[in-house]
file model_39.txt (compact mmCIF, C-alpha atoms)
# COMPACT_ATOMS: atom_id res chain seq x y z
CA MET A 34 0.00 0.00 0.00
CA ALA A 35 1.24 3.50 -0.84
CA GLU A 36 2.63 5.63 2.00
CA ARG A 37 -0.01 7.91 3.49
CA ILE A 38 0.40 11.68 3.44
CA ASP A 39 -1.35 12.94 6.54
CA TYR A 40 -2.24 16.43 5.41
CA LEU A 41 -3.74 15.15 2.14
CA ASP A 42 -5.92 12.73 4.12
CA LEU A 43 -7.01 15.68 6.24
CA ALA A 44 -7.76 17.75 3.11
CA LYS A 45 -9.87 14.94 1.64
CA GLY A 46 -11.64 14.45 4.96
CA PHE A 47 -12.51 18.13 5.18
CA CYS A 48 -13.90 18.13 1.62
CA MET A 49 -15.84 14.92 2.23
CA CYS A 50 -17.45 16.37 5.37
CA VAL A 51 -18.45 19.47 3.37
CA MET A 52 -19.84 17.22 0.62
CA MET A 53 -22.00 15.31 3.12
CA LEU A 54 -23.26 18.58 4.57
CA PHE A 55 -24.05 19.87 1.09
CA HIS A 56 -26.06 16.74 0.23
CA ILE A 57 -27.83 16.56 3.60
CA LYS A 58 -29.20 20.09 3.30
CA GLY A 59 -31.26 18.95 0.31
CA LEU A 60 -33.35 16.76 2.62
CA VAL A 61 -35.01 19.75 4.27
CA GLY A 62 -34.52 22.38 1.59
CA CYS A 63 -32.08 24.35 3.71
CA ASP A 64 -29.54 26.72 2.11
CA LEU A 65 -27.15 26.86 5.09
CA PHE A 66 -24.86 29.22 3.18
CA LEU A 67 -23.75 26.34 0.95
CA GLY A 68 -24.12 27.82 -2.48
CA ASP A 69 -22.12 27.88 -5.70
CA VAL A 70 -18.99 29.38 -4.12
CA LEU A 71 -18.52 26.56 -1.64
CA PHE A 72 -19.44 23.89 -4.17
CA SER A 73 -16.97 25.22 -6.74
CA SER A 74 -14.16 25.90 -4.30
CA PHE A 75 -14.02 23.51 -1.38
CA MET A 76 -15.93 20.38 -2.30
CA LEU A 77 -15.28 18.60 -5.61
CA PRO A 78 -12.27 20.46 -7.14
CA PRO A 79 -9.85 19.55 -4.31
CA PHE A 80 -10.46 15.83 -4.93
CA PHE A 81 -9.49 16.18 -8.59
CA PHE A 82 -6.60 18.50 -7.65
CA ILE A 83 -5.19 16.01 -5.12
CA SER A 84 -5.58 13.15 -7.62
CA GLY A 85 -3.45 15.19 -10.01
CA MET A 86 -0.83 15.75 -7.32
CA LEU A 87 -0.61 11.98 -6.76
CA PHE A 88 -0.48 11.10 -10.48
CA LYS A 89 2.63 9.06 -11.37
CA GLU A 90 3.71 9.76 -14.94
CA ASN A 91 6.48 7.12 -15.04
CA GLN A 92 4.27 4.23 -13.96
CA PRO A 93 4.11 1.37 -16.53
CA PHE A 94 0.81 1.34 -18.42
CA ARG A 95 -0.23 -2.11 -17.16
CA THR A 96 0.48 -1.11 -13.56
CA PHE A 97 -1.45 2.12 -14.08
CA ILE A 98 -4.52 0.32 -15.49
CA VAL A 99 -4.49 -2.34 -12.78
CA ASN A 100 -4.17 0.29 -10.06
CA LYS A 101 -7.00 2.47 -11.38
CA THR A 102 -9.20 -0.58 -11.94
CA ASN A 103 -8.66 -1.77 -8.37
CA ARG A 104 -9.09 1.66 -6.80
CA LEU A 105 -11.87 3.15 -8.93
CA LEU A 106 -13.55 0.87 -11.45
CA ILE A 107 -14.11 -2.19 -9.27
CA PRO A 108 -15.60 -0.21 -6.33
CA PHE A 109 -17.80 1.71 -8.76
CA ALA A 110 -19.00 -1.40 -10.64
CA SER A 111 -19.54 -3.45 -7.47
CA PHE A 112 -21.55 -0.83 -5.60
CA TYR A 113 -23.43 0.13 -8.73
CA LEU A 114 -24.60 -3.46 -9.21
CA ILE A 115 -25.51 -3.79 -5.53
CA THR A 116 -27.14 -0.42 -4.88
CA ALA A 117 -28.46 0.60 -8.30
CA VAL A 118 -29.40 -2.75 -9.87
CA ILE A 119 -29.92 -5.59 -7.40
CA ILE A 120 -31.44 -3.84 -4.36
CA PRO A 121 -33.79 -1.45 -6.25
CA ASN A 122 -35.06 -4.22 -8.52
CA VAL A 123 -35.65 -6.61 -5.60
CA LEU A 124 -37.45 -3.93 -3.59
CA HIS A 125 -39.49 -2.93 -6.62
CA ASP A 126 -40.48 -6.44 -7.71
CA CYS A 127 -41.03 -7.95 -4.26
CA PHE A 128 -42.31 -5.02 -2.19
CA GLY A 129 -43.58 -2.53 -4.75
CA MET A 130 -41.07 0.13 -3.68
CA TYR A 131 -39.97 2.65 -6.29
CA PHE A 132 -37.08 5.12 -6.07
CA GLY A 133 -37.92 7.30 -9.05
CA THR A 134 -35.23 5.62 -11.15
CA VAL A 135 -35.18 3.01 -13.90
CA THR A 136 -35.70 -0.67 -13.11
CA GLY A 137 -35.38 -3.90 -15.04
CA TRP A 138 -32.63 -4.59 -17.56
CA ARG A 139 -32.20 -0.87 -18.27
CA SER A 140 -30.78 -0.41 -14.80
CA LEU A 141 -27.62 -2.27 -15.88
CA TRP A 142 -26.54 0.66 -18.06
CA ALA A 143 -28.47 3.49 -16.37
CA PHE A 144 -25.21 5.01 -15.10
CA VAL A 145 -24.71 6.35 -18.62
CA TRP A 146 -27.67 8.70 -18.07
CA PRO A 147 -27.28 10.98 -15.01
CA GLY A 148 -30.19 10.94 -12.60
CA GLU A 149 -31.60 7.59 -13.70
CA TYR A 150 -30.08 5.47 -10.93
CA PRO A 151 -30.00 5.68 -7.11
CA ASN A 152 -26.76 6.29 -5.21
CA GLN A 153 -25.82 9.19 -7.49
CA PRO A 154 -22.43 9.95 -5.82
CA LEU A 155 -21.01 6.90 -7.62
CA TRP A 156 -20.59 9.10 -10.70
CA PHE A 157 -17.49 10.60 -9.09
CA LEU A 158 -15.52 7.32 -9.25
CA TRP A 159 -16.51 6.73 -12.88
CA CYS A 160 -15.59 10.31 -13.78
CA LEU A 161 -12.22 10.06 -12.01
CA PHE A 162 -11.47 6.79 -13.80
CA LEU A 163 -12.15 8.38 -17.20
CA MET A 164 -10.17 11.47 -16.20
CA SER A 165 -7.14 9.41 -15.16
CA LEU A 166 -7.10 7.61 -18.51
CA LEU A 167 -7.48 10.87 -20.43
CA PHE A 168 -4.78 12.67 -18.46
CA ARG A 169 -2.42 9.73 -18.86
CA THR A 170 -2.85 10.08 -22.64
CA VAL A 171 -2.39 13.87 -22.50
CA ASN A 172 0.73 13.58 -20.38
CA PHE A 173 2.27 10.93 -22.64
CA CYS A 174 1.58 12.85 -25.85
CA CYS A 175 2.80 16.19 -24.49
CA ALA A 176 6.01 14.66 -23.14
CA ARG A 177 6.67 12.97 -26.46
CA TRP A 178 5.88 15.95 -28.71
CA SER A 179 7.50 18.69 -26.63
CA HIS A 180 9.70 17.41 -23.82
CA ARG A 181 11.08 20.84 -22.87
CA ARG A 182 7.71 22.56 -22.77
CA SER A 183 5.53 19.63 -21.82
CA ASP A 184 4.11 21.44 -18.75
CA VAL A 185 2.96 24.35 -20.90
CA MET A 186 1.37 21.98 -23.41
CA ILE A 187 -0.37 20.03 -20.63
CA ALA A 188 -1.81 23.27 -19.25
CA MET A 189 -3.01 24.39 -22.69
CA VAL A 190 -4.61 21.02 -23.49
CA CYS A 191 -6.37 20.91 -20.09
CA VAL A 192 -7.74 24.42 -20.63
CA CYS A 193 -9.02 23.42 -24.09
CA PHE A 194 -10.65 20.25 -22.71
CA ALA A 195 -12.24 22.28 -19.90
CA GLY A 196 -13.67 24.68 -22.47
CA LEU A 197 -15.13 21.77 -24.43
CA GLY A 198 -16.66 20.41 -21.24
CA VAL A 199 -18.29 23.75 -20.41
CA MET A 200 -19.66 24.13 -23.93
CA GLY A 201 -20.90 20.54 -23.96
CA ASP A 202 -22.81 21.12 -20.71
CA ARG A 203 -24.50 24.16 -22.26
CA LEU A 204 -25.25 22.70 -25.69
CA PHE A 205 -26.42 19.18 -24.80
CA PRO A 206 -29.27 18.37 -22.38
CA VAL A 207 -27.65 15.17 -21.08
CA ASP A 208 -24.04 14.51 -20.10
CA VAL A 209 -23.75 10.96 -21.45
CA ALA A 210 -21.41 8.83 -19.29
CA CYS A 211 -20.11 11.99 -17.56
CA VAL A 212 -17.94 12.86 -20.57
CA PHE A 213 -18.47 16.63 -20.27
CA ASN A 214 -17.96 16.50 -16.50
CA THR A 215 -14.68 14.69 -17.10
CA LEU A 216 -13.51 17.25 -19.65
CA ARG A 217 -14.52 20.20 -17.50
CA ASN A 218 -12.85 19.00 -14.30
CA ILE A 219 -9.63 17.76 -15.90
CA LEU A 220 -8.35 21.32 -15.49
CA PHE A 221 -8.25 20.78 -11.71
CA PHE A 222 -6.49 17.44 -12.19
CA GLY A 223 -3.91 19.06 -14.45
CA ALA A 224 -3.44 22.00 -12.06
CA GLY A 225 -2.73 19.58 -9.22
CA TYR A 226 -0.23 17.67 -11.35
CA LEU A 227 1.61 20.85 -12.40
CA ALA A 228 1.65 22.24 -8.85
CA LYS A 229 2.70 19.03 -7.08
CA ASP A 230 6.43 19.86 -6.90
CA LEU A 231 5.67 23.24 -5.35
CA LEU A 232 3.16 21.85 -2.87
CA PHE A 233 5.11 18.70 -1.97
CA ASN A 234 8.63 20.11 -1.81
CA ARG A 235 8.35 23.76 -0.89
CA LEU A 236 5.37 23.40 1.40
CA ASN A 237 7.55 21.57 3.91
CA ILE A 238 10.12 24.37 4.12
CA MET A 239 7.70 27.34 4.12
CA ASN A 240 7.50 29.08 7.49
CA ASN A 241 4.19 29.95 9.09
CA MET A 242 4.31 33.52 7.82
CA GLN A 243 4.63 32.41 4.22
CA LYS A 244 1.87 29.88 4.69
CA GLY A 245 -0.37 32.52 6.19
CA VAL A 246 0.24 34.93 3.34
CA SER A 247 -0.36 32.20 0.74
CA LEU A 248 -3.55 31.17 2.51
CA LEU A 249 -4.80 34.77 2.70
CA VAL A 250 -4.15 35.34 -1.00
CA ALA A 251 -5.84 32.08 -2.00
CA LEU A 252 -8.89 32.80 0.16
CA CYS A 253 -9.18 36.38 -1.13
CA VAL A 254 -9.06 35.15 -4.73
CA THR A 255 -11.68 32.53 -3.94
CA LEU A 256 -14.04 35.02 -2.35
CA LEU A 257 -13.45 37.62 -5.06
CA TYR A 258 -14.23 35.30 -7.94
CA GLY A 259 -16.99 33.55 -6.05
CA ALA A 260 -18.76 36.86 -5.55
CA SER A 261 -18.38 37.66 -9.25
CA PHE A 262 -20.45 34.75 -10.55
CA VAL A 263 -22.43 36.15 -13.45
CA HIS A 264 -24.82 33.56 -14.81
CA GLU A 265 -25.66 35.62 -17.88
CA CYS A 266 -22.07 35.44 -19.12
CA LEU A 267 -20.69 31.99 -19.85
CA LEU A 268 -17.06 33.17 -19.95
CA ALA A 269 -17.26 35.04 -16.63
CA GLU A 270 -19.06 32.14 -14.95
CA SER A 271 -16.53 29.61 -16.27
CA VAL A 272 -13.49 31.67 -15.28
CA ALA A 273 -14.97 32.16 -11.81
CA PHE A 274 -15.64 28.43 -11.47
CA PHE A 275 -12.10 27.39 -12.41
CA VAL A 276 -10.29 30.09 -10.44
CA CYS A 277 -12.47 29.38 -7.41
CA GLY A 278 -11.77 25.67 -7.71
CA ILE A 279 -7.99 26.03 -7.99
CA ALA A 280 -7.73 28.69 -5.27
CA GLY A 281 -10.03 26.70 -3.00
CA SER A 282 -8.01 23.51 -3.57
CA VAL A 283 -4.74 25.25 -2.71
CA SER A 284 -6.37 26.82 0.36
CA VAL A 285 -7.62 23.47 1.63
CA ILE A 286 -4.19 21.86 1.15
CA ILE A 287 -2.32 24.72 2.83
CA VAL A 288 -4.68 24.75 5.82
CA SER A 289 -4.41 20.97 6.10
CA SER A 290 -0.60 21.11 5.98
CA MET A 291 -0.64 23.65 8.81
CA ILE A 292 -2.94 21.49 10.96
CA GLY A 293 -1.40 18.15 9.97
CA HIS A 294 -3.90 15.74 11.52
CA MET A 295 -7.38 15.73 13.02
CA PRO A 296 -8.49 12.29 14.26
CA VAL A 297 -12.06 12.01 12.93
CA VAL A 298 -11.66 14.18 9.83
CA SER A 299 -8.37 12.56 8.79
CA TYR A 300 -9.89 9.12 9.30
CA ILE A 301 -12.78 9.96 6.97
CA GLY A 302 -10.29 11.36 4.46
CA ARG A 303 -8.14 8.26 4.53
CA TYR A 304 -11.16 6.08 3.73
CA SER A 305 -12.99 8.69 1.68
CA ILE A 306 -13.78 6.17 -1.05
CA MET A 307 -16.02 4.29 1.40
CA VAL A 308 -17.85 7.51 2.21
CA VAL A 309 -18.32 8.25 -1.50
CA LEU A 310 -19.74 4.77 -2.02
CA THR A 311 -22.22 4.87 0.83
CA HIS A 312 -23.11 8.39 2.01
CA GLY A 313 -25.90 8.71 -0.58
CA LEU A 314 -27.51 5.56 0.85
CA LEU A 315 -27.01 6.74 4.43
CA ILE A 316 -28.70 10.04 3.61
CA ARG A 317 -31.74 8.11 2.28
CA VAL A 318 -31.86 6.12 5.53
CA CYS A 319 -31.68 9.34 7.56
CA ALA A 320 -34.40 11.08 5.53
CA PRO A 321 -37.34 10.27 7.90
CA LEU A 322 -35.32 11.37 10.93
CA SER A 323 -34.23 14.57 9.22
CA LEU A 324 -37.82 15.49 8.37
CA ARG A 325 -38.90 14.85 11.95
CA LEU A 326 -36.03 16.93 13.33
CA ASN A 327 -36.91 19.67 10.89
CA GLU A 328 -40.40 19.87 12.40
CA LEU A 329 -39.05 19.90 15.97
CA MET A 330 -35.91 22.05 15.64
CA GLY A 331 -36.06 23.89 12.34
CA PRO A 332 -34.00 23.28 9.18
CA HIS A 333 -30.56 24.51 10.24
CA PRO A 334 -30.27 22.53 13.52
CA ALA A 335 -31.76 19.47 11.81
CA VAL A 336 -29.15 19.51 9.06
CA LEU A 337 -26.30 19.93 11.56
CA VAL A 338 -27.60 17.12 13.81
CA ILE A 339 -27.93 14.70 10.87
CA TRP A 340 -24.46 15.74 9.67
CA VAL A 341 -22.85 14.97 13.05
CA LEU A 342 -24.75 11.67 13.32
CA MET A 343 -23.56 10.59 9.87
CA ILE A 344 -19.94 11.40 10.69
CA LEU A 345 -20.21 9.39 13.91
CA CYS A 346 -21.85 6.50 12.03
CA TYR A 347 -18.79 6.25 9.82
CA MET A 348 -16.65 5.51 12.85
CA ALA A 349 -18.46 2.13 12.82
CA ILE A 350 -19.25 1.78 9.10
CA ILE A 351 -15.65 2.17 7.90
CA PRO A 352 -14.17 -0.61 10.12
CA LEU A 353 -17.08 -2.87 9.19
CA MET A 354 -16.53 -2.32 5.46
CA ARG A 355 -12.79 -2.82 5.82
CA TRP A 356 -13.49 -6.18 7.42
CA LEU A 357 -16.35 -7.41 5.21
CA LEU A 358 -15.68 -5.76 1.83
CA PRO A 359 -11.96 -5.06 1.49
CA HIS A 360 -11.72 -6.03 -2.19
CA ILE A 361 -14.56 -3.82 -3.44
CA THR A 362 -13.62 -0.80 -1.31
CA ALA A 363 -10.06 -0.50 -2.68
CA GLN A 364 -8.47 -1.84 0.52
CA LYS A 365 -7.17 -5.03 -1.10
CA PRO A 366 -6.42 -5.50 -4.81
CA VAL A 367 -8.56 -7.76 -6.94
CA LEU A 368 -6.21 -7.63 -9.92
CA LYS A 369 -2.46 -8.02 -9.53

call {"tool": "encode", "arguments": {"input": "model_39.txt", "output": "structure tokens"}}
result
Amino acid sequence: MAERIDYLDLAKGFCMCVMMLFHIKGLVGCDLFLGDVLFSSFMLPPFFFISGMLFKENQPFRTFIVNKTNRLLIPFASFYLITAVIIPNVLHDCFGMYFGTVTGWRSLWAFVWPGEYPNQPLWFLWCLFLMSLLFRTVNFCCARWSHRRSDVMIAMVCVCFAGLGVMGDRLFPVDVACVFNTLRNILFFGAGYLAKDLLFNRLNIMNNMQKGVSLLVALCVTLLYGASFVHECLLAESVAFFVCGIAGSVSVIIVSSMIGHMPVVSYIGRYSIMVVLTHGLLIRVCAPLSLRLNELMGPHPAVLVIWVLMILCYMAIIPLMRWLLPHITAQKPVLK
């Protein structure tokens, strides 16, 4: 198993906790100050950014494919079959329960059409798998065609792909197989890859003053561009989204490097794949309780109570999954 980097686990844990909070608020229709700025800065982009930082360009192709299959494709396929095909069809056919998604044979390939299958967060693993394959190709071609300026070429290609992804989202009503999502977010993956030497090597020798200044600049840029979201202008909205995402990713990593480790949050970050696989299901289970709490306490306290309960639940769920399902939660390899 690869050596753990504590502050990256903390960064992933922080983003995963924000993601759970963002999804929970939908149960009671509560805004909770979690709008576009937070979504585009501190939730999804840091995961792609960190994946880019950890990308190994010199890894043999077979090793790369086996690794990504074990870590992304097998967990996605396994939990998709269990939670989006087997369980919904059994509940539908035997108990008449319906989740507002497709059933029958169509459920086998429903992941191609967003919104047509339960456990929606699984799209992230599929998207990251496609993105890893695409970036591997980009990296190889750029290094071969222009070795001296490969970083510049990688940046230009990622920007072009991101533009295609944005345009595709606007022009087509359905993002088939998350292709446009992959193209749009590859810019964060590429930014993480290009910044990894700075963040891995120089971050360790920066003093607290330099870290504080870097953090302040990154946060100011995030807030500035987040406040400038203009939905009437595609270019302004897109620039804001990407600058927010990169600045927010850097901010999360810098803050995490300053803190180093937080027991519960770092634990969730280390096993974040398990949370991705299951938090959508856990939110469905908590839905009746959240509605009841909303009546008793109001929306904001209800969301926060459910959020804390879910985090505490994972202190038991993660060890249980590590014990029962190690091969389909990326803890033990299936392919070697």

call {"tool": "residues_around", "arguments": {"input": "model_39.txt", "residues": "Phe94 of chain A", "least_positions_apart": "2", "cutoff": "12 Å", "atoms": "only C-alpha atoms", "output": "list in words"}}
result
Lys89, Glu90, Asn91, Gln92, Thr96, Phe97, Ile98, Val99, Asn100, Lys101, Ser165, Leu166, Arg169, Thr170 and Phe173 of chain A

call {"tool": "write_last_selection", "arguments": {"input": "model_39.txt", "atoms": "C-alpha atoms", "output": "compact mmCIF listing (two decimals), in the frame of the given file"}}
result
# COMPACT_ATOMS: atom_id res chain seq x y z
CA LYS A 89 2.63 9.06 -11.37
CA GLU A 90 3.71 9.76 -14.94
CA ASN A 91 6.48 7.12 -15.04
CA GLN A 92 4.27 4.23 -13.96
CA THR A 96 0.48 -1.11 -13.56
CA PHE A 97 -1.45 2.12 -14.08
CA ILE A 98 -4.52 0.32 -15.49
CA VAL A 99 -4.49 -2.34 -12.78
CA ASN A 100 -4.17 0.29 -10.06
CA LYS A 101 -7.00 2.47 -11.38
CA SER A 165 -7.14 9.41 -15.16
CA LEU A 166 -7.10 7.61 -18.51
CA ARG A 169 -2.42 9.73 -18.86
CA THR A 170 -2.85 10.08 -22.64
CA PHE A 173 2.27 10.93 -22.64

call {"tool": "closest_residue", "arguments": {"input": "model_39.txt", "among": "A:Pro206, A:Gly223, A:Pro332, A:Pro151", "to": "Leu315 of chain A", "atoms": "all atoms listed in the file"}}
result
A:Pro151

call {"tool": "closest_residue", "arguments": {"input": "model_39.txt", "among": "A:Cys50, A:Ile287, A:Leu158, A:Ile306", "to": "Thr215 of chain A", "atoms": "all atoms listed in the file"}}
result
A:Leu158

call {"tool": "residues_around", "arguments": {"input": "model_39.txt", "residues": "Tyr304 of chain A", "least_positions_apart": "2", "cutoff": "10 Å", "atoms": "only C-alpha atoms", "output": "number ranges by chain"}}
result
A: 42, 45-46, 299-302, 306-309, 347, 351-352, 355, 362-364

call {"tool": "residues_around", "arguments": {"input": "model_39.txt", "residues": "Val171 of chain A", "least_positions_apart": "6", "cutoff": "12 Å", "atoms": "all atoms listed in the file", "output": "list in words"}}
result
Glu90, Met164, Ser165, Arg177, Trp178, Ser179, Ser183, Asp184, Val185, Met186, Ile187, Ala188, Met189, Val190, Cys191, Val192, Cys193, Phe194, Leu216, Ile219, Leu220, Phe222, Gly223 and Tyr226 of chain A

call {"tool": "atom_distance", "arguments": {"input": "model_39.txt", "atom1": "atom CA of Phe144 of chain A", "atom2": "atom CA of Thr311 of chain A"}}
result
16.2 Å

call {"tool": "closest_residue", "arguments": {"input": "model_39.txt", "among": "A:Cys127, A:Val283, A:Leu329, A:Val341", "to": "Leu232 of chain A", "atoms": "all atoms listed in the file"}}
result
A:Val283

call {"tool": "atom_distance", "arguments": {"input": "model_39.txt", "atom1": "atom CA of Gly281 of chain A", "atom2": "atom CA of Phe75 of chain A"}}
result
5.4 Å

call {"tool": "residues_near_point", "arguments": {"input": "model_39.txt", "point": "(-36.8, 4.6, -13.6)", "cutoff": "12 Å", "atoms": "only C-alpha atoms", "output": "VMD selection string"}}
result
chain A and resid 117 to 118 121 to 122 125 130 to 144 146 to 151

call {"tool": "residues_around", "arguments": {"input": "model_39.txt", "residues": "Val212 of chain A", "least_positions_apart": "2", "cutoff": "9 Å", "atoms": "all atoms listed in the file", "output": "PyMOL selection string"}}
result
chain A and resi 160+163+198+201+208-210+214-217

call {"tool": "atom_distance", "arguments": {"input": "model_39.txt", "atom1": "atom CA of Phe47 of chain A", "atom2": "atom CA of Val285 of chain A"}}
result
8.1 Å
